[in-house]
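Student: Below is the file protein-v5.txt, with compact mmCIF, C-alpha atoms.
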```txt
# COMPACT_ATOMS: atom_id res chain seq x y z
CA MET F 1 -10.55 -19.16 -9.71
CA SER F 2 -7.41 -18.05 -8.00
CA GLY F 3 -8.13 -14.40 -7.41
CA PRO F 4 -8.86 -12.65 -4.14
CA VAL F 5 -12.34 -14.07 -3.97
CA SER F 6 -12.60 -16.89 -1.51
CA ASP F 7 -15.69 -18.90 -0.90
CA THR F 8 -14.79 -20.04 2.58
CA MET F 9 -17.29 -19.45 5.32
CA PRO F 10 -16.73 -16.60 7.78
CA THR F 11 -16.21 -19.15 10.54
CA ASP F 12 -12.88 -19.97 8.91
CA GLU F 13 -11.43 -16.70 10.19
CA SER F 14 -8.56 -16.83 12.62
CA ILE F 15 -9.77 -17.81 16.06
CA VAL F 16 -7.35 -15.34 17.70
CA LEU F 17 -8.88 -12.46 15.74
CA GLN F 18 -12.40 -13.59 16.60
CA MET F 19 -11.68 -13.83 20.32
CA VAL F 20 -9.81 -10.51 20.54
CA VAL F 21 -12.43 -8.58 18.59
CA GLY F 22 -15.19 -10.24 20.59
CA LEU F 23 -13.52 -9.19 23.82
CA LEU F 24 -12.84 -5.63 22.68
CA TYR F 25 -16.19 -4.99 21.01
CA PRO F 26 -18.21 -3.93 24.10
CA PHE F 27 -15.34 -1.79 25.33
CA MET F 28 -15.13 -0.01 21.98
CA LEU F 29 -18.87 0.65 22.15
CA LEU F 30 -18.55 1.94 25.72
CA PHE F 31 -15.58 4.14 24.84
CA GLY F 32 -17.41 5.61 21.86
CA PHE F 33 -20.44 6.58 23.94
CA TYR F 34 -18.20 7.86 26.74
CA VAL F 35 -16.33 10.13 24.35
CA ILE F 36 -19.59 11.40 22.85
CA LEU F 37 -21.49 11.98 26.08
CA ASN F 38 -18.58 13.64 27.88
CA GLY F 39 -17.66 15.77 24.90
CA HIS F 40 -18.34 19.06 26.65
CA TYR F 41 -16.46 18.01 29.78
CA THR F 42 -13.42 15.97 28.72
CA PRO F 43 -11.43 15.85 25.48
CA GLY F 44 -13.46 14.33 22.71
CA GLY F 45 -16.79 15.13 21.22
CA GLY F 46 -19.11 14.19 18.45
CA PHE F 47 -16.60 13.67 15.69
CA GLN F 48 -14.11 11.65 17.75
CA GLY F 49 -16.78 9.48 19.36
CA GLY F 50 -18.42 9.00 15.99
CA SER F 51 -15.15 7.75 14.54
CA VAL F 52 -14.84 5.25 17.39
CA LEU F 53 -18.37 4.06 16.65
CA ALA F 54 -17.48 3.74 12.96
CA SER F 55 -14.54 1.53 13.91
CA LEU F 56 -17.13 -0.91 15.27
CA PHE F 57 -18.25 -1.53 11.68
CA VAL F 58 -14.60 -2.09 10.77
CA ALA F 59 -14.09 -4.58 13.59
CA ARG F 60 -17.17 -6.49 12.52
CA TYR F 61 -15.97 -6.50 8.91
CA VAL F 62 -12.57 -7.88 9.94
CA VAL F 63 -14.00 -10.98 11.63
CA TYR F 64 -17.19 -11.40 9.59
CA PRO F 65 -16.64 -10.08 6.07
CA VAL F 66 -20.17 -10.61 4.79
CA ASP F 67 -22.10 -7.84 3.13
CA ASP F 68 -25.35 -7.99 5.08
CA THR F 69 -25.37 -4.49 6.58
CA ASP F 70 -28.21 -2.36 5.28
CA THR F 71 -26.22 0.70 4.27
CA GLU F 72 -29.28 2.35 2.70
CA THR F 73 -31.00 2.55 6.08
CA LEU F 74 -27.84 3.83 7.76
CA HIS F 75 -27.55 6.50 5.07
CA SER F 76 -31.18 7.55 5.58
CA ILE F 77 -30.59 7.81 9.33
CA GLN F 78 -27.54 9.94 8.61
CA ARG F 79 -29.62 12.33 6.49
CA VAL F 80 -32.20 12.66 9.25
CA PHE F 81 -29.49 13.44 11.77
CA LEU F 82 -27.99 16.06 9.48
CA ALA F 83 -31.39 17.74 9.36
CA LEU F 84 -31.51 17.62 13.16
CA ILE F 85 -28.01 19.10 13.35
CA VAL F 86 -29.22 22.04 11.30
CA ILE F 87 -32.56 22.37 13.09
CA ALA F 88 -31.39 22.13 16.71
CA PRO F 89 -29.05 25.15 16.76
CA SER F 90 -31.38 27.14 14.53
CA ALA F 91 -34.27 26.61 16.91
CA VAL F 92 -32.38 26.97 20.17
CA LEU F 93 -29.11 28.82 19.73
CA PHE F 94 -29.71 31.34 16.99
CA THR F 95 -33.13 32.41 18.27
CA GLY F 96 -31.75 33.26 21.68
CA VAL F 97 -33.74 30.71 23.69
CA ILE F 98 -30.53 29.44 25.25
CA ALA F 99 -29.44 32.94 26.18
CA ARG F 100 -32.64 33.41 28.17
CA ASN F 101 -32.53 29.95 29.79
CA PRO F 102 -28.87 29.22 30.66
CA GLU F 103 -29.76 26.06 32.59
CA PHE F 104 -30.35 24.24 29.28
CA ARG F 105 -26.83 24.86 28.02
CA SER F 106 -25.34 21.53 29.15
CA LEU F 107 -28.33 19.70 27.72
CA TYR F 108 -27.90 21.49 24.42
CA LEU F 109 -24.19 20.62 24.21
CA THR F 110 -24.82 16.96 25.00
CA THR F 111 -27.62 16.76 22.46
CA MET F 112 -25.48 18.28 19.76
CA ASP F 113 -22.63 15.90 20.57
CA VAL F 114 -24.94 12.90 20.31
CA LEU F 115 -26.40 14.12 17.01
CA ILE F 116 -22.97 14.75 15.48
CA GLY F 117 -21.63 11.48 16.87
CA VAL F 118 -24.38 9.39 15.30
CA GLN F 119 -24.12 11.29 12.03
CA VAL F 120 -20.35 10.89 11.77
CA GLY F 121 -20.38 7.29 12.98
CA PHE F 122 -22.97 6.12 10.48
CA GLY F 123 -21.42 8.23 7.73
CA LEU F 124 -17.91 6.85 8.13
CA GLY F 125 -19.31 3.36 8.66
CA VAL F 126 -21.25 3.52 5.41
CA ALA F 127 -18.19 4.90 3.59
CA VAL F 128 -15.88 2.16 4.83
CA LEU F 129 -18.36 -0.64 4.20
CA ARG F 130 -19.17 0.58 0.71
CA PHE F 131 -15.49 0.68 -0.20
CA ALA F 132 -14.78 -2.65 1.46
CA PHE F 133 -17.63 -4.45 -0.29
CA PHE F 134 -17.10 -2.71 -3.60
CA GLN F 135 -17.97 -5.31 -6.28
CA GLY F 136 -18.02 -8.04 -3.66
CA VAL F 137 -21.71 -8.64 -3.10
CA GLY F 138 -22.74 -12.17 -2.25
CA LYS F 139 -19.16 -13.24 -1.72
CA THR F 140 -16.93 -13.27 1.28
CA TRP F 141 -14.00 -10.90 1.25
CA HIS F 142 -11.14 -11.67 3.57
CA LEU F 143 -8.51 -9.11 4.33
CA MET P 1 13.56 14.77 23.71
CA VAL P 2 10.50 12.54 23.36
CA GLU P 3 9.16 14.92 20.71
CA ILE P 4 12.30 14.74 18.62
CA GLY P 5 12.42 10.97 18.96
CA THR P 6 8.81 10.67 17.84
CA ILE P 7 9.34 12.95 14.86
CA LEU P 8 12.44 11.02 13.80
CA MET P 9 10.56 7.74 14.11
CA MET P 10 7.78 9.19 11.97
CA GLY P 11 10.33 10.09 9.32
CA VAL P 12 11.80 6.61 9.44
CA PHE P 13 8.40 4.96 9.04
CA ALA P 14 7.43 7.31 6.22
CA ALA P 15 10.60 6.40 4.34
CA LEU P 16 9.99 2.71 5.05
CA ALA P 17 6.45 2.97 3.72
CA ILE P 18 7.71 4.51 0.50
CA HIS P 19 10.65 2.19 -0.04
CA SER P 20 9.11 -1.09 1.03
CA LYS P 21 8.73 -3.48 -1.88
CA VAL P 22 5.81 -5.32 -0.35
CA LEU P 23 2.70 -3.14 -0.47
CA ARG P 24 1.10 -4.86 2.49
CA LEU P 25 4.09 -3.89 4.64
CA SER P 26 3.81 -0.30 3.40
CA ILE P 27 0.27 -0.17 4.76
CA VAL P 28 1.42 -1.42 8.15
CA TYR P 29 4.18 1.19 8.20
CA LEU P 30 1.63 3.89 7.39
CA ALA P 31 -0.52 2.71 10.30
CA VAL P 32 2.45 2.99 12.65
CA PHE P 33 3.18 6.44 11.20
CA SER P 34 -0.37 7.52 12.03
CA LEU P 35 -0.11 6.12 15.53
CA LEU P 36 3.10 8.07 16.15
CA GLY P 37 1.34 11.15 14.80
CA ALA P 38 -1.44 10.62 17.31
CA PHE P 39 1.15 10.39 20.08
CA LEU P 40 2.70 13.62 18.86
CA TYR P 41 -0.68 15.36 19.02
CA LEU P 42 -0.97 14.12 22.58
CA LEU P 43 2.44 15.60 23.40
CA TYR P 44 1.32 18.94 21.99
CA ALA P 45 -1.74 18.88 24.28
CA ALA P 46 -4.34 18.22 21.58
CA PRO P 47 -6.03 15.03 22.85
CA GLU P 48 -9.07 15.50 20.63
CA LEU P 49 -7.00 15.36 17.48
CA ALA P 50 -5.07 12.43 18.95
CA ILE P 51 -8.27 10.40 19.32
CA ALA P 52 -9.38 11.25 15.79
CA GLU P 53 -5.97 10.51 14.29
CA ALA P 54 -5.60 7.20 16.12
CA VAL P 55 -9.05 5.97 15.10
CA ILE P 56 -9.14 7.24 11.54
CA GLY P 57 -5.45 7.15 10.59
CA SER P 58 -4.56 3.74 11.88
CA GLY P 59 -7.99 2.14 11.93
CA LEU P 60 -10.30 3.13 9.11
CA VAL P 61 -7.70 4.22 6.55
CA THR P 62 -5.60 1.11 7.11
CA LEU P 63 -8.63 -1.05 6.49
CA LEU P 64 -9.49 0.90 3.35
CA TYR P 65 -5.97 0.45 2.00
CA LEU P 66 -6.04 -3.27 2.80
CA ALA P 67 -9.41 -3.66 1.10
CA ALA P 68 -8.09 -1.77 -1.94
CA LEU P 69 -4.97 -3.91 -2.05
CA LYS P 70 -7.16 -6.99 -1.92
CA ARG P 71 -8.74 -5.87 -5.18
CA SER P 72 -5.41 -5.98 -6.93
CA ARG P 73 -4.24 -9.35 -8.12
CA VAL P 74 -2.24 -11.36 -5.62
CA TYR P 75 -0.10 -14.18 -6.99
CA THR P 76 0.43 -17.09 -4.67
CA VAL P 77 3.59 -19.15 -4.94
CA ALA P 78 3.37 -22.50 -3.19
CA VAL P 79 6.54 -24.25 -2.11
CA VAL P 80 6.07 -27.98 -1.80
CA GLY P 81 8.75 -30.34 -0.58
CA THR P 82 9.86 -33.69 -1.77
CA GLY P 83 12.07 -36.06 0.15
CA ASP P 84 12.34 -36.66 3.84
CA ARG P 85 13.30 -33.23 5.20
CA ASP P 86 10.83 -31.49 7.45
CA ARG P 87 9.34 -29.14 4.90
CA LEU P 88 7.63 -26.79 7.34
CA ALA P 89 10.51 -26.26 9.75
CA ASP P 90 11.86 -22.75 10.27
CA ALA P 91 15.32 -23.72 9.04
CA TYR P 92 13.95 -25.00 5.75
CA ILE P 93 11.74 -21.93 5.26
CA SER P 94 14.61 -19.53 5.78
CA HIS P 95 16.76 -21.68 3.48
CA VAL P 96 14.19 -21.36 0.70
CA GLU P 97 13.53 -17.68 1.37
CA ARG P 98 17.23 -16.96 0.92
CA ALA P 99 17.58 -19.10 -2.18
CA LYS P 100 18.44 -17.32 -5.41
CA ALA P 101 15.57 -18.97 -7.27
CA LEU P 102 12.90 -17.50 -5.06
CA ARG P 103 14.53 -14.09 -5.13
CA GLU P 104 14.36 -14.18 -8.92
CA ILE P 105 10.63 -14.84 -8.81
CA ARG P 106 10.14 -12.14 -6.22
CA ASP P 107 12.07 -9.57 -8.26
CA PHE P 108 10.06 -10.48 -11.32
CA PHE P 109 6.78 -9.74 -9.57
CA VAL P 110 8.06 -6.64 -7.77
CA LEU P 111 9.20 -5.20 -11.10
CA ARG P 112 5.66 -5.56 -12.46
CA GLU P 113 4.11 -4.23 -9.26
CA PHE P 114 2.15 -7.38 -8.58
CA GLU P 115 1.62 -8.51 -5.06
CA LEU P 116 3.28 -11.82 -4.27
CA GLN P 117 2.84 -14.16 -1.37
CA VAL P 118 4.81 -17.31 -0.73
CA VAL P 119 3.19 -20.15 1.17
CA PHE P 120 4.64 -23.47 2.30
CA VAL P 121 2.18 -26.29 1.90
CA PRO P 122 2.46 -29.91 3.03
CA VAL P 123 0.82 -31.42 -0.05
CA SER P 124 2.18 -33.28 -3.04
CA LEU P 125 3.13 -31.59 -6.29
CA ASP P 126 0.10 -32.86 -8.19
CA GLN P 127 -2.33 -31.62 -5.59
CA ALA P 128 -0.62 -28.22 -5.40
CA VAL P 129 -0.57 -27.66 -9.15
CA LEU P 130 -4.20 -28.64 -9.53
CA ASP P 131 -5.27 -26.44 -6.61
CA PRO P 132 -6.62 -23.20 -8.11
CA ALA P 133 -5.48 -21.24 -5.06
CA TYR P 134 -1.82 -21.48 -6.12
CA ASP P 135 -0.59 -19.78 -9.26
CA LEU P 136 2.93 -21.13 -9.27
CA VAL P 137 4.34 -24.18 -7.54
CA VAL P 138 8.01 -24.37 -6.67
CA VAL P 139 9.63 -27.71 -5.89
CA GLU P 140 13.09 -28.37 -4.59
CA ASP P 141 14.65 -31.69 -5.46
CA ASP P 142 18.19 -32.93 -5.74
CA GLU P 143 18.94 -30.88 -8.86
CA GLY P 144 17.65 -27.59 -7.56
CA PHE P 145 14.43 -25.68 -7.84
CA SER P 146 11.75 -26.25 -10.44
CA ALA P 147 8.65 -24.20 -11.04
CA TYR P 148 5.36 -25.55 -12.37
CA THR P 149 2.20 -23.81 -13.34
CA GLU P 150 -1.05 -24.55 -15.07
CA ASP P 151 -1.81 -20.88 -15.50
CA GLU P 152 -1.67 -19.64 -19.10
CA SER P 153 -1.92 -15.93 -18.42
CA TYR P 154 0.57 -13.54 -19.99
CA VAL P 155 2.35 -12.97 -16.70
CA MET P 156 3.23 -16.62 -16.38
CA LEU P 157 4.25 -16.78 -20.05
CA GLU P 158 6.52 -13.82 -19.49
CA LEU P 159 8.02 -15.45 -16.40
CA GLU P 160 8.58 -18.65 -18.33
CA MET P 161 10.22 -16.78 -21.18
CA MET P 162 12.50 -14.90 -18.82
CA LEU P 163 13.54 -18.07 -17.03
CA ARG P 164 14.18 -19.93 -20.28
CA MET P 165 16.29 -17.07 -21.62
CA ARG P 166 18.34 -16.91 -18.42
CA GLY P 167 18.82 -20.66 -18.63
CA GLU P 168 21.25 -22.02 -16.10
CA ALA P 169 21.94 -18.61 -14.60
CA SER P 170 18.48 -18.40 -13.09
CA MET P 171 18.99 -21.54 -10.97
CA LEU P 172 15.38 -22.39 -11.71
CA ARG P 173 13.89 -24.76 -14.24
CA PHE P 174 10.44 -24.10 -15.58
CA GLY P 175 8.05 -26.85 -16.45
CA ARG P 176 4.54 -26.69 -17.77
CA TYR P 177 2.41 -29.14 -15.93
CA VAL P 178 0.26 -31.44 -18.00
CA ALA P 179 -2.57 -33.03 -16.15
CA GLU P 180 -2.91 -36.78 -16.40
CA GLY P 181 -5.52 -38.00 -18.79
CA SER P 182 -5.43 -34.89 -20.97
CA GLU P 183 -3.00 -36.49 -23.41
CA MET U 1 19.56 11.72 -9.47
CA ARG U 2 15.79 11.87 -9.42
CA TYR U 3 15.81 11.51 -5.65
CA ILE U 4 18.34 14.32 -5.26
CA ALA U 5 16.37 16.62 -7.56
CA SER U 6 13.11 15.99 -5.73
CA ALA U 7 14.83 16.40 -2.36
CA VAL U 8 16.30 19.74 -3.44
CA PHE U 9 12.90 20.84 -4.73
CA VAL U 10 11.10 19.90 -1.52
CA ILE U 11 13.70 21.54 0.71
CA GLY U 12 13.62 24.68 -1.45
CA VAL U 13 9.84 24.93 -1.22
CA PHE U 14 10.05 24.38 2.54
CA VAL U 15 12.63 27.17 2.98
CA ILE U 16 10.74 29.64 0.78
CA VAL U 17 7.40 29.00 2.43
CA THR U 18 8.92 29.22 5.91
CA ALA U 19 10.71 32.46 5.06
CA VAL U 20 7.62 34.06 3.53
CA THR U 21 5.29 33.06 6.33
CA THR U 22 7.64 34.17 9.09
CA GLN U 23 8.38 37.50 7.37
CA HIS U 24 4.81 38.36 6.59
CA ALA U 25 2.95 36.68 9.42
CA ALA U 26 -0.28 38.52 9.97
CA LYS U 27 -0.65 39.85 13.45
CA LEU U 28 -4.01 38.50 14.50
CA ASP U 29 -6.16 40.57 16.75
CA PRO U 30 -5.92 38.73 20.08
CA TYR U 31 -9.25 40.08 21.22
CA MET U 32 -11.32 37.17 19.93
CA TYR U 33 -9.44 34.25 21.37
CA ASP U 34 -8.67 36.04 24.62
CA TYR U 35 -12.37 36.66 24.97
CA MET U 36 -13.20 33.04 24.18
CA ILE U 37 -10.64 31.58 26.58
CA GLU U 38 -11.74 33.85 29.41
CA ASN U 39 -15.48 33.62 29.00
CA PHE U 40 -16.29 30.24 27.47
CA GLU U 41 -17.31 28.71 30.77
CA ASP U 42 -19.81 31.44 31.63
CA ASP U 43 -21.11 31.69 28.08
CA THR U 44 -21.66 28.04 27.25
CA HIS U 45 -21.35 26.12 30.55
CA ALA U 46 -18.86 23.77 28.88
CA LYS U 47 -15.72 22.71 30.73
CA ASN U 48 -13.89 22.10 27.48
CA ALA U 49 -12.91 25.10 25.37
CA VAL U 50 -12.83 23.09 22.15
CA ALA U 51 -16.38 21.86 22.65
CA ALA U 52 -17.50 25.40 23.48
CA ILE U 53 -16.00 26.78 20.29
CA LEU U 54 -17.20 23.94 18.07
CA LEU U 55 -20.75 23.81 19.38
CA ASP U 56 -21.43 27.41 20.26
CA TYR U 57 -19.13 30.13 18.97
CA ARG U 58 -18.45 28.42 15.65
CA MET U 59 -21.66 26.51 15.14
CA TYR U 60 -21.82 27.20 11.41
CA ASP U 61 -18.48 25.43 10.96
CA THR U 62 -19.82 22.28 12.58
CA MET U 63 -23.03 22.36 10.58
CA PHE U 64 -21.30 22.63 7.24
CA GLU U 65 -18.70 20.06 8.26
CA ALA U 66 -21.51 17.57 8.77
CA LEU U 67 -22.90 18.63 5.40
CA ILE U 68 -19.51 17.94 3.78
CA LEU U 69 -19.49 14.40 5.15
CA LEU U 70 -23.02 13.78 3.88
CA THR U 71 -22.14 15.20 0.46
CA ALA U 72 -19.06 12.98 0.21
CA ILE U 73 -21.11 9.88 0.99
CA ILE U 74 -23.85 10.85 -1.45
CA GLY U 75 -21.21 11.20 -4.16
CA MET U 76 -19.69 7.87 -3.20
CA LYS U 77 -23.03 6.12 -3.37
CA GLN U 78 -23.66 7.78 -6.71
CA PHE U 79 -20.45 6.63 -8.36
CA LEU U 80 -19.87 3.23 -6.76
CA PRO U 81 -22.21 0.49 -7.90
CA GLY U 82 -24.69 -0.27 -5.17
CA ALA U 83 -25.45 -3.63 -3.63
CA ALA U 84 -28.71 -3.90 -5.58
CA ASP U 85 -26.96 -3.18 -8.90
CA LEU U 86 -24.32 -5.81 -8.23
CA ARG U 87 -26.88 -8.45 -7.27
CA ALA U 88 -28.82 -7.70 -10.45
CA ARG U 89 -25.61 -8.01 -12.48
CA ASP U 90 -24.76 -11.34 -10.84
CA GLU U 91 -28.21 -12.70 -11.63
CA LEU U 92 -27.88 -11.49 -15.21
CA GLU U 93 -24.53 -13.23 -15.56
CA SER U 94 -25.86 -16.50 -14.18
CA VAL U 95 -28.79 -16.35 -16.61
CA ASP U 96 -26.34 -15.74 -19.47
CA GLN U 97 -24.26 -18.71 -18.41
CA THR U 98 -27.21 -21.08 -18.30
CA GLU U 99 -28.20 -19.94 -21.78
CA ALA U 100 -24.66 -20.36 -23.07
CA THR U 101 -24.33 -23.89 -21.71
CA GLY U 102 -27.38 -24.91 -23.69
CA GLU U 103 -29.99 -25.24 -20.96
CA GLN U 104 -33.40 -25.76 -22.43
CA SER U 105 -35.12 -22.42 -22.22
CA SER U 106 -38.46 -24.16 -21.84
CA GLU U 107 -37.36 -25.34 -18.40
CA ARG U 108 -36.99 -21.80 -17.15
CA PRO U 109 -40.19 -20.25 -15.92
CA SER U 110 -41.60 -17.81 -18.39
CA GLU U 111 -41.35 -14.22 -17.33
```
Translate the structure of the given file into structure tokens.

Tutor:
Amino acid sequence: MSGPVSDTMPTDESIVLQMVVGLLYPFMLLFGFYVILNGHYTPGGGFQGGSVLASLFVARYVVYPVDDTDTETLHSIQRVFLALIVIAPSAVLFTGVIARNPEFRSLYLTTMDVLIGVQVGFGLGVAVLRFAFFQGVGKTWHL
Amino acid sequence: MVEIGTILMMGVFAALAIHSKVLRLSIVYLAVFSLLGAFLYLLYAAPELAIAEAVIGSGLVTLLYLAALKRSRVYTVAVVGTGDRDRLADAYISHVERAKALREIRDFFVLREFELQVVFVPVSLDQAVLDPAYDLVVVEDDEGFSAYTEDESYVMLELEMMLRMRGEASMLRFGRYVAEGSE
Amino acid sequence: MRYIASAVFVIGVFVIVTAVTTQHAAKLDPYMYDYMIENFEDDTHAKNAVAAILLDYRMYDTMFEALILLTAIIGMKQFLPGAADLRARDELESVDQTEATGEQSSERPSE
């Protein structure tokens, strides 16, 4: 067995990588939520913040390449959020509720940003993980 | 001025990514290309696209390429030393990297579009050949370089045939390792 | 030679496309984007014009963009083998190997 498959434990990863990713992880999370929640006020928004959240999955995969993420659940959550993305504007924007109550506009924008952010983040995360663990179940895949 | 510099750098990295013989380096060049693209978006006052390009272009896509490259076969050449020289010193590594024998092996694998990595290991020849992590073991002794393998795949047979046909010109002798006790 | 030919081809396409698009550039009606840039703050209470356009003026775009992402991932999950399939295959292979190496089948629990 001399192929790419290696049976070493995840703890054999480079200690530098582990420390750097461990240090950066909370800041990446914070930056993702900052970009999502301030989408209507500063540059950014649902898609950009969602991509930053998806890069959290990538960072975890780099230091701990074990396929134990439940992608089915993430995919189901993504479907639910797509339904919400369709329902929220249909119920609020297209019916004219927002036009009659302009004080809810900021709330509506923030809600939409959060919905799109979660949808994109889980979607890209599932995509990357499924490609990364393609045919590698039960084994450890180092980069 | 900064714009033109960035665009020229992007061109340079794109050309490097295409012309690099080592696929892993191509991926790194593509990541740098994406990062410069993100900087260019920032210069053109599109910070939203810059965030998306930086995260997706140099984060997610780079990881996907690396994971895909991992699926292709990577051949590992182990260089083990005999004698009393310090076999892991920088001077010795650069000496071996510049040797004609190793360049021959590298060209052979580049021509067939296989990924090749060369590692320097502080173990004996027997241990290295029997270790399944190494496909080819290269040893330097007084007479030059010799290559040993236990692998019987067609790639190694082809390499052996090429080296035997080149003979002395290849500066590399090829030996098939026979494990003790199998005779 | 191949490099030169492809370089000439690419440069030719670039020149033709640039010439055509600059000659026949459609004059867009500036009414829409002038209106958006002037009024987005009053209309949507967003401080960021891009967010205003994405989440209010052009909401259908955003909705179907999210749908595209979901569709892509559904297709990916359809055509890539899933984790459950691969685990089942691994178990099948290990069972095959134990049979091939001559394990007594009576030792295995009956299904």

Student: Using all atoms listed in the file, can you tell me which of F:Gly32, F:Gly39, F:Gly125, F:Gly117 comes closest to F:Ile85?

Tutor: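 Of F:Gly32, F:Gly39, F:Gly125, F:Gly117, the one nearest F:Ile85, counting all atoms listed in the file, is F:Gly117.
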
Student: Would you work out the distance separating atom CA of P:Thr62 from atom CA of P:Val28, expressed in Å to one decimal?

Tutor: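 According to the coordinates, atom CA of P:Thr62 and atom CA of P:Val28 are separated by 7.5 Å.
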
Student: Which residues come within 8 Å of stretch 64-75 of chain P, counting only C-alpha atoms, excluding same-chain residues fewer than 2 positions away, as number ranges by chain?

Tutor: F: 3-4, 128, 131-132, 143; P: 23-24, 27, 60-62, 77, 114-117, 134-136

Student: Write out as a short mmCIF file (atom, residue, chain, number, x, y, z; two decimals) with C-alpha atoms, keeping the file's coordinate frame which residues come within 9 Å of F:Ala127 when counting all atoms listed in the file, dropping same-chain ones fewer than 6 positions away.

Tutor:
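Okay, this is what ended up in around_3.cif:
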```
data_model
loop_
_atom_site.label_atom_id
_atom_site.label_comp_id
_atom_site.auth_asym_id
_atom_site.auth_seq_id
_atom_site.Cartn_x
_atom_site.Cartn_y
_atom_site.Cartn_z
CA ALA U 72 -19.06 12.98 0.21
CA ILE U 73 -21.11 9.88 0.99
CA MET U 76 -19.69 7.87 -3.20
CA LYS U 77 -23.03 6.12 -3.37
#
```

Student: Compare F:Ile98, F:Met19, F:Val66, F:Leu124 by their minimum atom-to-atom distance to chain P, counting only C-alpha atoms, and give me the closest one.

Tutor: F:Leu124

Student: Could you give me, as a tab-separated table, every chain U residue with an atom at most 12 Å from chain F, plus its closest atom pair and distance in Å to one decimal, counting only C-alpha atoms, rows ordered by chain then number?

Tutor:
```
residue	atom	partner	partner_atom	distance
U:Phe40	CA	F:His40	CA	11.4
U:Glu41	CA	F:His40	CA	10.5
U:Asp42	CA	F:Pro102	CA	9.4
U:Asp43	CA	F:Pro102	CA	8.5
U:Thr44	CA	F:Arg105	CA	6.1
U:His45	CA	F:Arg105	CA	6.2
U:Ala46	CA	F:His40	CA	5.2
U:Lys47	CA	F:Tyr41	CA	4.9
U:Asn48	CA	F:Tyr41	CA	5.4
U:Ala49	CA	F:His40	CA	8.2
U:Val50	CA	F:Pro43	CA	8.1
U:Ala51	CA	F:His40	CA	5.3
U:Ala52	CA	F:His40	CA	7.1
U:Ile53	CA	F:His40	CA	10.3
U:Leu54	CA	F:Gly45	CA	9.4
U:Leu55	CA	F:Leu109	CA	6.7
U:Asp56	CA	F:Leu93	CA	7.8
U:Tyr57	CA	F:Leu93	CA	10.1
U:Arg58	CA	F:Pro89	CA	11.1
U:Met59	CA	F:Pro89	CA	7.7
U:Tyr60	CA	F:Val86	CA	9.0
U:Asp61	CA	F:Val86	CA	11.3
U:Thr62	CA	F:Ile116	CA	8.7
U:Met63	CA	F:Val86	CA	6.2
U:Phe64	CA	F:Val86	CA	8.9
U:Glu65	CA	F:Ile116	CA	9.9
U:Ala66	CA	F:Leu82	CA	6.7
U:Leu67	CA	F:Leu82	CA	7.0
U:Ile68	CA	F:Leu82	CA	10.4
U:Leu69	CA	F:Gly123	CA	7.0
U:Leu70	CA	F:Gly123	CA	6.9
U:Thr71	CA	F:Arg79	CA	10.0
U:Ala72	CA	F:Ala127	CA	8.8
U:Ile73	CA	F:Ala127	CA	6.3
U:Ile74	CA	F:His75	CA	8.7
U:Gly75	CA	F:Ala127	CA	10.4
U:Met76	CA	F:Ala127	CA	7.6
U:Lys77	CA	F:Arg130	CA	7.9
U:Gln78	CA	F:Arg130	CA	11.3
U:Phe79	CA	F:Arg130	CA	11.0
U:Leu80	CA	F:Phe134	CA	7.3
U:Pro81	CA	F:Gln135	CA	7.4
U:Gly82	CA	F:Arg130	CA	8.1
U:Ala83	CA	F:Val137	CA	6.3
U:Ala84	CA	F:Val137	CA	8.8
U:Asp85	CA	F:Val137	CA	9.5
U:Leu86	CA	F:Val137	CA	6.4
U:Arg87	CA	F:Val137	CA	6.6
U:Ala88	CA	F:Val137	CA	10.3
U:Arg89	CA	F:Val137	CA	10.2
U:Asp90	CA	F:Val137	CA	8.7
U:Glu91	CA	F:Gly138	CA	10.9
```

Student: What is the atom CA of P:Ser58-atom CA of F:Val80 distance in Å, reported with one decimal?

Tutor: 29.2 Å

Student: With the cut-off set at 12 Å and counting only C-alpha atoms, tabulate each residue of chain P with an atom at most that distance from an atom of chain U, showing the nearest atom pair and its distance in Å to one decimal, ordered by chain and increasing number, as JSON lines.

Tutor:
```
{"residue": "P:Ala46", "atom": "CA", "partner": "U:Val50", "partner_atom": "CA", "distance": 9.8}
{"residue": "P:Pro47", "atom": "CA", "partner": "U:Val50", "partner_atom": "CA", "distance": 10.6}
{"residue": "P:Glu48", "atom": "CA", "partner": "U:Val50", "partner_atom": "CA", "distance": 8.6}
{"residue": "P:Leu49", "atom": "CA", "partner": "U:Val50", "partner_atom": "CA", "distance": 10.7}
```

Student: Give as a ChimeraX atom specification the set of residues within 10 Å of the point (8.2, -21.3, -2.8), where distances use the file's coordinates and all atoms listed in the file.

Tutor: /P:76-81,93,96-97,99,101-103,105-106,117-121,136-140,145-147

Student: For atom CA of P:Gly37 and atom CA of P:Val2, quote the distance in Å rounded to one decimal.

Tutor: 12.6 Å

Student: Name the residues in contact with F:Leu56 at a cut-off of 8 Å, using all atoms listed in the file, excluding same-chain residues fewer than 3 positions from it; report them as a list in words.

Tutor: Tyr25, Met28, Leu29, Val52, Leu53, Ala59 and Arg60 of chain F

Student: Selection from above, C-alpha atoms, as a PDB file, keeping the file's coordinate frame, can you write it?

Tutor:
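After the write, again16.pdb holds the following:
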```
ATOM      1  CA  TYR F  25     -16.190  -4.990  21.010  1.00  0.00           C
ATOM      2  CA  MET F  28     -15.130  -0.010  21.980  1.00  0.00           C
ATOM      3  CA  LEU F  29     -18.870   0.650  22.150  1.00  0.00           C
ATOM      4  CA  VAL F  52     -14.840   5.250  17.390  1.00  0.00           C
ATOM      5  CA  LEU F  53     -18.370   4.060  16.650  1.00  0.00           C
ATOM      6  CA  ALA F  59     -14.090  -4.580  13.590  1.00  0.00           C
ATOM      7  CA  ARG F  60     -17.170  -6.490  12.520  1.00  0.00           C
TER       8      ARG F  60
END
```
